[in-house]
>>> print(open('model25.txt').read())   # compact mmCIF, C-alpha atoms
# COMPACT_ATOMS: atom_id res chain seq x y z
CA MET A 1 -1.45 -21.80 40.32
CA THR A 2 -4.62 -23.88 40.30
CA VAL A 3 -6.36 -24.56 37.00
CA ARG A 4 -10.11 -24.24 37.42
CA GLU A 5 -11.77 -26.68 35.04
CA GLU A 6 -15.16 -25.01 35.39
CA GLU A 7 -14.01 -21.84 33.64
CA SER A 8 -15.98 -21.01 30.54
CA VAL A 9 -14.22 -21.25 27.20
CA ALA A 10 -14.12 -18.29 24.82
CA THR A 11 -16.80 -18.63 22.18
CA PRO A 12 -15.30 -18.01 18.74
CA ALA A 13 -16.98 -16.69 15.63
CA GLU A 14 -16.32 -19.72 13.46
CA GLY A 15 -14.73 -19.32 10.05
CA SER A 16 -13.60 -15.72 10.45
CA ALA A 17 -9.93 -16.37 11.28
CA ALA A 18 -7.25 -17.33 8.78
CA PHE A 19 -5.26 -19.19 11.44
CA HIS A 20 -6.14 -21.72 14.10
CA ARG A 21 -3.29 -20.82 16.45
CA ILE A 22 -0.86 -17.90 16.43
CA LEU A 23 1.93 -16.52 18.57
CA LEU A 24 1.97 -12.77 19.07
CA LYS A 25 5.37 -11.27 19.85
CA LEU A 26 5.03 -8.05 21.84
CA SER A 27 8.17 -6.03 22.39
CA GLY A 28 8.62 -4.17 25.62
CA GLU A 29 8.61 -0.94 23.61
CA ALA A 30 5.07 -1.75 22.46
CA LEU A 31 3.91 -1.38 26.07
CA MET A 32 5.43 2.00 26.85
CA GLY A 33 3.52 4.09 24.32
CA ASP A 34 4.92 7.61 24.18
CA LYS A 35 6.99 7.19 27.32
CA GLU A 36 10.76 6.85 27.27
CA PHE A 37 10.56 3.80 29.51
CA GLY A 38 8.12 1.91 31.72
CA LEU A 39 4.46 1.16 31.02
CA GLU A 40 1.62 3.22 29.57
CA LEU A 41 -1.64 1.68 30.74
CA PRO A 42 -3.93 3.18 28.04
CA ARG A 43 -1.61 1.70 25.40
CA ILE A 44 -1.65 -1.70 27.07
CA GLU A 45 -5.43 -1.58 27.43
CA ALA A 46 -5.83 -0.83 23.70
CA ILE A 47 -3.61 -3.79 22.79
CA ALA A 48 -5.50 -6.02 25.23
CA GLU A 49 -8.86 -5.04 23.74
CA GLU A 50 -7.63 -5.96 20.28
CA ILE A 51 -6.24 -9.30 21.46
CA VAL A 52 -9.59 -10.18 23.05
CA ASP A 53 -11.47 -9.15 19.88
CA CYS A 54 -9.02 -11.19 17.84
CA GLN A 55 -9.60 -14.28 19.97
CA LYS A 56 -13.33 -14.02 19.36
CA THR A 57 -12.71 -14.71 15.67
CA GLY A 58 -11.74 -18.25 16.60
CA VAL A 59 -7.96 -18.06 16.75
CA GLU A 60 -6.02 -19.44 19.70
CA ILE A 61 -3.50 -16.87 20.95
CA ALA A 62 -0.20 -17.22 22.76
CA ILE A 63 1.94 -14.19 23.57
CA VAL A 64 5.64 -13.69 24.19
CA VAL A 65 6.59 -10.39 25.79
CA GLY A 66 9.93 -8.63 25.74
CA ALA A 67 11.36 -6.23 28.29
CA GLY A 68 13.00 -3.43 26.34
CA ASN A 69 10.83 -0.91 28.18
CA ILE A 70 12.36 -1.95 31.50
CA TYR A 71 15.69 -3.64 31.01
CA ARG A 72 18.02 -4.73 28.22
CA GLY A 73 20.48 -7.46 29.11
CA MET A 74 22.85 -6.78 26.22
CA ALA A 75 22.97 -3.06 27.00
CA ALA A 76 23.84 -3.77 30.61
CA ALA A 77 26.46 -6.31 29.55
CA ALA A 78 28.02 -3.74 27.23
CA GLU A 79 28.46 -1.47 30.25
CA GLY A 80 30.42 -4.12 32.10
CA MET A 81 27.81 -6.30 33.79
CA ASP A 82 28.21 -10.06 33.44
CA ARG A 83 26.15 -11.07 30.38
CA ALA A 84 24.47 -14.08 31.99
CA THR A 85 23.46 -12.04 35.05
CA ALA A 86 22.17 -9.24 32.84
CA ASP A 87 20.11 -11.68 30.80
CA TYR A 88 18.54 -13.20 33.91
CA ALA A 89 17.57 -9.70 35.05
CA GLY A 90 15.98 -9.16 31.64
CA MET A 91 14.00 -12.39 32.00
CA LEU A 92 12.56 -11.18 35.29
CA ALA A 93 11.62 -7.91 33.60
CA THR A 94 9.59 -9.83 31.01
CA LEU A 95 7.62 -11.33 33.89
CA LEU A 96 6.62 -7.84 35.06
CA ASN A 97 5.32 -7.09 31.56
CA ALA A 98 3.53 -10.43 31.33
CA LEU A 99 1.65 -9.81 34.57
CA THR A 100 0.67 -6.33 33.38
CA VAL A 101 -0.70 -7.70 30.09
CA GLN A 102 -2.50 -10.48 31.98
CA ASP A 103 -4.20 -7.95 34.24
CA ALA A 104 -5.37 -5.86 31.27
CA LEU A 105 -6.74 -8.94 29.49
CA GLU A 106 -8.58 -10.28 32.52
CA LYS A 107 -10.23 -6.92 33.17
CA LEU A 108 -11.85 -7.45 29.76
CA GLY A 109 -13.13 -10.87 30.79
CA ALA A 110 -10.50 -13.01 29.08
CA HIS A 111 -9.17 -16.14 30.76
CA THR A 112 -5.39 -16.10 30.79
CA ARG A 113 -2.40 -18.01 32.08
CA VAL A 114 1.17 -16.77 32.52
CA LEU A 115 3.70 -19.56 32.03
CA SER A 116 7.22 -18.72 33.11
CA ALA A 117 10.46 -20.39 32.06
CA ILE A 118 11.86 -19.40 35.49
CA ASP A 119 10.17 -20.78 38.59
CA VAL A 120 8.05 -18.04 40.20
CA SER A 121 5.19 -20.22 41.45
CA GLU A 122 3.57 -17.43 43.48
CA VAL A 123 2.63 -15.46 40.38
CA ALA A 124 2.91 -17.78 37.36
CA GLU A 125 2.74 -21.41 36.34
CA PRO A 126 5.93 -23.18 35.29
CA TYR A 127 6.31 -23.58 31.54
CA ILE A 128 5.19 -27.07 30.50
CA ARG A 129 4.53 -27.60 26.82
CA ARG A 130 1.50 -29.86 27.18
CA ARG A 131 -0.03 -27.59 29.80
CA ALA A 132 0.36 -24.58 27.47
CA ILE A 133 -1.35 -26.43 24.63
CA ARG A 134 -4.18 -27.54 26.92
CA HIS A 135 -4.77 -23.96 28.06
CA LEU A 136 -4.99 -22.84 24.43
CA GLU A 137 -7.45 -25.62 23.61
CA LYS A 138 -9.62 -24.46 26.50
CA GLY A 139 -9.80 -20.95 25.07
CA ARG A 140 -7.32 -19.29 27.40
CA ILE A 141 -4.79 -16.72 26.27
CA VAL A 142 -1.33 -17.97 27.22
CA ILE A 143 1.45 -15.50 28.01
CA PHE A 144 4.99 -16.84 27.99
CA ALA A 145 7.39 -15.04 30.33
CA ALA A 146 11.11 -15.22 31.13
CA GLY A 147 12.18 -15.95 27.58
CA THR A 148 13.65 -19.42 27.15
CA GLY A 149 14.89 -19.48 30.75
CA ASN A 150 18.48 -19.41 29.54
CA PRO A 151 20.94 -16.52 29.15
CA PHE A 152 22.33 -15.59 25.74
CA PHE A 153 18.95 -16.14 24.06
CA THR A 154 16.63 -13.25 23.20
CA THR A 155 12.86 -13.09 23.49
CA ASP A 156 12.80 -13.33 19.68
CA THR A 157 14.32 -16.79 20.00
CA ALA A 158 11.84 -17.57 22.77
CA ALA A 159 9.00 -16.55 20.44
CA ALA A 160 10.27 -18.82 17.67
CA LEU A 161 10.83 -21.72 20.07
CA ARG A 162 7.44 -21.44 21.77
CA ALA A 163 5.68 -21.09 18.41
CA LEU A 164 7.23 -24.38 17.31
CA GLU A 165 6.46 -26.12 20.58
CA ILE A 166 2.77 -25.24 20.58
CA GLY A 167 2.28 -25.74 16.85
CA ALA A 168 1.49 -22.10 16.01
CA GLU A 169 0.82 -21.52 12.32
CA ALA A 170 2.40 -18.07 12.29
CA ILE A 171 4.25 -15.53 14.41
CA LEU A 172 2.79 -12.02 14.44
CA MET A 173 5.32 -9.30 15.22
CA GLY A 174 3.99 -5.82 15.93
CA LYS A 175 6.45 -3.00 15.31
CA ASN A 176 6.31 0.55 16.65
CA GLY A 177 6.19 3.37 14.13
CA VAL A 178 7.08 1.32 11.03
CA GLU A 179 4.79 -0.47 8.58
CA GLY A 180 6.87 -3.64 8.45
CA VAL A 181 10.37 -4.59 7.33
CA LEU A 182 12.16 -1.71 5.61
CA ASP A 183 15.17 -1.88 3.30
CA ALA A 184 17.12 0.56 5.52
CA ASP A 185 17.03 2.06 8.98
CA PRO A 186 14.42 4.87 8.79
CA ARG A 187 16.32 6.81 11.46
CA VAL A 188 19.29 6.96 9.09
CA ASN A 189 17.53 6.94 5.73
CA PRO A 190 14.12 8.68 5.73
CA ASP A 191 13.49 7.29 2.23
CA ALA A 192 13.59 3.66 3.43
CA GLN A 193 11.02 1.54 1.58
CA LEU A 194 8.73 -1.22 2.81
CA ILE A 195 9.57 -4.76 1.66
CA PRO A 196 6.19 -6.53 1.20
CA GLN A 197 7.56 -10.06 1.28
CA LEU A 198 10.82 -11.96 1.47
CA THR A 199 12.18 -15.29 2.62
CA HIS A 200 13.87 -16.07 5.91
CA ILE A 201 17.24 -16.56 4.24
CA GLU A 202 16.91 -13.20 2.46
CA ALA A 203 16.26 -11.50 5.79
CA ILE A 204 19.36 -13.16 7.27
CA GLU A 205 21.63 -12.47 4.28
CA ARG A 206 20.56 -8.83 3.99
CA GLY A 207 21.04 -8.24 7.70
CA LEU A 208 17.50 -6.95 8.15
CA ARG A 209 16.90 -6.52 11.86
CA VAL A 210 13.58 -8.30 12.10
CA MET A 211 14.62 -10.97 14.60
CA ASP A 212 17.99 -12.25 15.64
CA THR A 213 19.54 -14.85 13.34
CA THR A 214 18.94 -17.71 15.77
CA ALA A 215 15.21 -17.02 15.78
CA LEU A 216 15.07 -16.54 12.01
CA SER A 217 16.96 -19.78 11.46
CA LEU A 218 14.53 -21.67 13.68
CA CYS A 219 11.58 -20.27 11.74
CA MET A 220 13.24 -21.01 8.39
CA ASP A 221 14.17 -24.60 9.27
CA ASN A 222 10.64 -25.36 10.45
CA GLY A 223 8.64 -23.34 7.92
CA VAL A 224 7.07 -20.86 10.36
CA PRO A 225 6.00 -17.62 8.62
CA LEU A 226 6.41 -14.20 10.20
CA HIS A 227 3.93 -11.36 9.77
CA VAL A 228 5.57 -8.04 10.61
CA PHE A 229 3.20 -5.08 10.86
CA ASN A 230 2.64 -1.70 12.47
CA LEU A 231 1.31 -1.99 16.02
CA ASP A 232 0.56 1.74 16.31
CA ASP A 233 -2.92 0.78 15.17
CA ALA A 234 -3.82 -2.07 17.54
CA ALA A 235 -6.62 -3.16 15.16
CA ASN A 236 -3.91 -4.52 12.87
CA ILE A 237 -3.56 -7.58 15.11
CA ALA A 238 -7.06 -8.77 14.22
CA ARG A 239 -6.65 -7.75 10.59
CA VAL A 240 -3.59 -9.95 10.20
CA ALA A 241 -5.30 -12.80 12.04
CA ARG A 242 -8.23 -12.53 9.62
CA GLY A 243 -5.85 -12.98 6.71
CA GLU A 244 -5.25 -9.44 5.49
CA ARG A 245 -1.80 -8.85 4.05
CA LEU A 246 -0.33 -5.98 6.02
CA GLY A 247 3.28 -4.97 6.39
CA THR A 248 5.79 -7.69 5.52
CA ILE A 249 5.46 -11.45 5.27
CA ILE A 250 8.59 -13.55 5.77
CA ALA A 251 8.20 -17.14 4.64
CA LYS A 252 9.65 -19.81 2.38
CA ALA A 253 6.83 -19.23 -0.11
CA PRO A 254 4.85 -16.09 0.83
CA GLU A 255 2.47 -16.52 -2.10
CA GLU A 256 1.16 -19.74 -0.56
CA LEU A 257 0.12 -18.16 2.74
CA PRO A 258 -3.59 -17.87 3.67
CA VAL A 259 -3.70 -14.10 3.32
CA GLN A 260 -5.44 -11.66 1.06
CA VAL A 261 -4.02 -8.43 -0.29
CA THR A 262 -5.54 -5.36 1.36
CA GLN A 263 -6.74 -2.81 -1.14
>>> encode(input="model25.txt", output="structure tokens")
Amino acid sequence: MTVREEESVATPAEGSAAFHRILLKLSGEALMGDKEFGLELPRIEAIAEEIVDCQKTGVEIAIVVGAGNIYRGMAAAAEGMDRATADYAGMLATLLNALTVQDALEKLGAHTRVLSAIDVSEVAEPYIRRRAIRHLEKGRIVIFAAGTGNPFFTTDTAAALRALEIGAEAILMGKNGVEGVLDADPRVNPDAQLIPQLTHIEAIERGLRVMDTTALSLCMDNGVPLHVFNLDDAANIARVARGERLGTIIAKAPEELPVQVTQ
């Protein structure tokens, strides 16, 4: 794809964002709304509107999308499909979601780029770290597709890896129907309680299913905090980016993060 240098750069409202650069992890389930699978366009449009509003606060935004609404590699592998083949199919499914999110963002006037870890030059640019950073500096929203480009790695790991590569200050993870990280599975225990903050190692040791252990270990080793919050209210994306403490914060020292407690 050709990069047009004459494109205008998003004009931020200086000083209103708590972060300079973030990575937003969107699960495939976040895009299907009330459906059992597939895409729900009103839901995607609401998320896109919030992302654009969030960018106007001055924060640079990269996005990693999952594909749980279309295809799950591990589920297919469990049914007998070769795991590597299943994972590659899942990577292609993330590309479908990335293009859908790109379309919704551009209808709102945002400049975007989809960067794919698998070569699909007709619809996306190849992932190149320096190119991704340059797009962010020019005010474009960057959407990373196809995970890491390798089987046996989840989109959670891709989110952690890309966040490190582009120098993101935090990873924002929107969850569906839950306020953050809970101390038990709410489907099993309706009395599960929200955990406001914890460290990466605590999340790993307690087996809390926030991200897979590879992704959590990457974040822990490199000091990248995670902000886990409820995506049912799309406005929460901008609230977290402004520094409000919503949901759960996972970090080495949560009390040192640039966030304020929401009353």
>>> residues_around(input="model25.txt", residues="Glu60 in chain A", least_positions_apart="2", cutoff="10 Å", atoms="all atoms listed in the file", output="PyMOL selection string")
chain A and resi 10+12+17+19-23+54-58+62+133+135-142+168
>>> atom_distance(input="model25.txt", atom1="CA of Ser121 in chain A", atom2="CA of Ala146 in chain A")
12.9 Å
>>> atom_distance(input="model25.txt", atom1="CA of Ala75 in chain A", atom2="CA of Thr214 in chain A")
18.9 Å
>>> closest_residue(input="model25.txt", among="A:Lys175, A:Lys252, A:Arg162, A:Arg209", to="Gln197 in chain A", atoms="only C-alpha atoms")
A:Lys252
>>> closest_residue(input="model25.txt", among="A:Val120, A:Val188, A:Glu179, A:Ile249", to="Phe229 in chain A", atoms="all atoms listed in the file")
A:Glu179
>>> atom_distance(input="model25.txt", atom1="CA of Glu45 in chain A", atom2="CA of Leu105 in chain A")
7.8 Å
>>> build_atoms(input="model25.txt", residues="range 170-181 of chain A", atoms="all heavy atoms", output="mmCIF file, in the coordinates of the input")
data_model
loop_
_atom_site.group_PDB
_atom_site.id
_atom_site.type_symbol
_atom_site.label_atom_id
_atom_site.label_comp_id
_atom_site.auth_asym_id
_atom_site.auth_seq_id
_atom_site.Cartn_x
_atom_site.Cartn_y
_atom_site.Cartn_z
ATOM 1 N N ALA A 170 1.701 -19.291 12.686
ATOM 2 C CA ALA A 170 2.400 -18.070 12.290
ATOM 3 C C ALA A 170 2.805 -17.294 13.532
ATOM 4 O O ALA A 170 2.209 -17.451 14.608
ATOM 5 C CB ALA A 170 1.516 -17.200 11.400
ATOM 6 N N ILE A 171 3.841 -16.469 13.374
ATOM 7 C CA ILE A 171 4.250 -15.530 14.410
ATOM 8 C C ILE A 171 3.894 -14.134 13.941
ATOM 9 O O ILE A 171 4.272 -13.729 12.838
ATOM 10 C CB ILE A 171 5.765 -15.616 14.683
ATOM 11 C CG1 ILE A 171 6.140 -17.009 15.198
ATOM 12 C CG2 ILE A 171 6.190 -14.542 15.680
ATOM 13 C CD1 ILE A 171 7.633 -17.206 15.374
ATOM 14 N N LEU A 172 3.150 -13.404 14.752
ATOM 15 C CA LEU A 172 2.790 -12.020 14.440
ATOM 16 C C LEU A 172 3.692 -11.100 15.249
ATOM 17 O O LEU A 172 3.759 -11.218 16.479
ATOM 18 C CB LEU A 172 1.326 -11.755 14.789
ATOM 19 C CG LEU A 172 0.265 -12.132 13.750
ATOM 20 C CD1 LEU A 172 0.311 -13.617 13.403
ATOM 21 C CD2 LEU A 172 -1.133 -11.752 14.244
ATOM 22 N N MET A 173 4.397 -10.216 14.559
ATOM 23 C CA MET A 173 5.320 -9.300 15.220
ATOM 24 C C MET A 173 4.868 -7.862 14.991
ATOM 25 O O MET A 173 4.931 -7.356 13.868
ATOM 26 C CB MET A 173 6.741 -9.483 14.702
ATOM 27 C CG MET A 173 7.343 -10.840 15.014
ATOM 28 S SD MET A 173 9.117 -10.876 14.650
ATOM 29 C CE MET A 173 9.744 -9.762 15.907
ATOM 30 N N GLY A 174 4.401 -7.213 16.038
ATOM 31 C CA GLY A 174 3.990 -5.820 15.930
ATOM 32 C C GLY A 174 5.174 -4.896 16.139
ATOM 33 O O GLY A 174 5.915 -5.038 17.106
ATOM 34 N N LYS A 175 5.360 -3.959 15.217
ATOM 35 C CA LYS A 175 6.450 -3.000 15.310
ATOM 36 C C LYS A 175 5.893 -1.623 15.664
ATOM 37 O O LYS A 175 4.738 -1.308 15.361
ATOM 38 C CB LYS A 175 7.211 -2.926 13.986
ATOM 39 C CG LYS A 175 7.956 -4.209 13.629
ATOM 40 C CD LYS A 175 9.087 -4.479 14.603
ATOM 41 C CE LYS A 175 9.907 -5.689 14.195
ATOM 42 N NZ LYS A 175 11.009 -5.968 15.139
ATOM 43 N N ASN A 176 6.724 -0.800 16.244
ATOM 44 C CA ASN A 176 6.310 0.550 16.650
ATOM 45 C C ASN A 176 6.789 1.579 15.638
ATOM 46 O O ASN A 176 7.992 1.732 15.417
ATOM 47 C CB ASN A 176 6.884 0.884 18.022
ATOM 48 C CG ASN A 176 6.362 -0.054 19.092
ATOM 49 O OD1 ASN A 176 5.170 -0.304 19.176
ATOM 50 N ND2 ASN A 176 7.256 -0.594 19.887
ATOM 51 N N GLY A 177 5.848 2.247 14.989
ATOM 52 C CA GLY A 177 6.190 3.370 14.130
ATOM 53 C C GLY A 177 6.642 3.009 12.729
ATOM 54 O O GLY A 177 6.958 3.900 11.947
ATOM 55 N N VAL A 178 6.702 1.728 12.383
ATOM 56 C CA VAL A 178 7.080 1.320 11.030
ATOM 57 C C VAL A 178 6.036 0.340 10.506
ATOM 58 O O VAL A 178 5.438 -0.411 11.271
ATOM 59 C CB VAL A 178 8.483 0.695 10.962
ATOM 60 C CG1 VAL A 178 9.555 1.724 11.246
ATOM 61 C CG2 VAL A 178 8.605 -0.464 11.942
ATOM 62 N N GLU A 179 5.845 0.331 9.189
ATOM 63 C CA GLU A 179 4.790 -0.470 8.580
ATOM 64 C C GLU A 179 5.149 -1.942 8.458
ATOM 65 O O GLU A 179 4.295 -2.784 8.195
ATOM 66 C CB GLU A 179 4.449 0.084 7.194
ATOM 67 C CG GLU A 179 3.923 1.507 7.220
ATOM 68 C CD GLU A 179 2.686 1.640 8.100
ATOM 69 O OE1 GLU A 179 1.785 0.786 7.983
ATOM 70 O OE2 GLU A 179 2.633 2.587 8.902
ATOM 71 N N GLY A 180 6.425 -2.264 8.603
ATOM 72 C CA GLY A 180 6.870 -3.640 8.450
ATOM 73 C C GLY A 180 8.387 -3.653 8.371
ATOM 74 O O GLY A 180 9.066 -2.881 9.045
ATOM 75 N N VAL A 181 8.926 -4.529 7.517
ATOM 76 C CA VAL A 181 10.370 -4.590 7.330
ATOM 77 C C VAL A 181 10.763 -3.592 6.248
ATOM 78 O O VAL A 181 10.210 -3.607 5.148
ATOM 79 C CB VAL A 181 10.813 -6.011 6.912
ATOM 80 C CG1 VAL A 181 12.322 -6.056 6.704
ATOM 81 C CG2 VAL A 181 10.394 -7.031 7.970
#
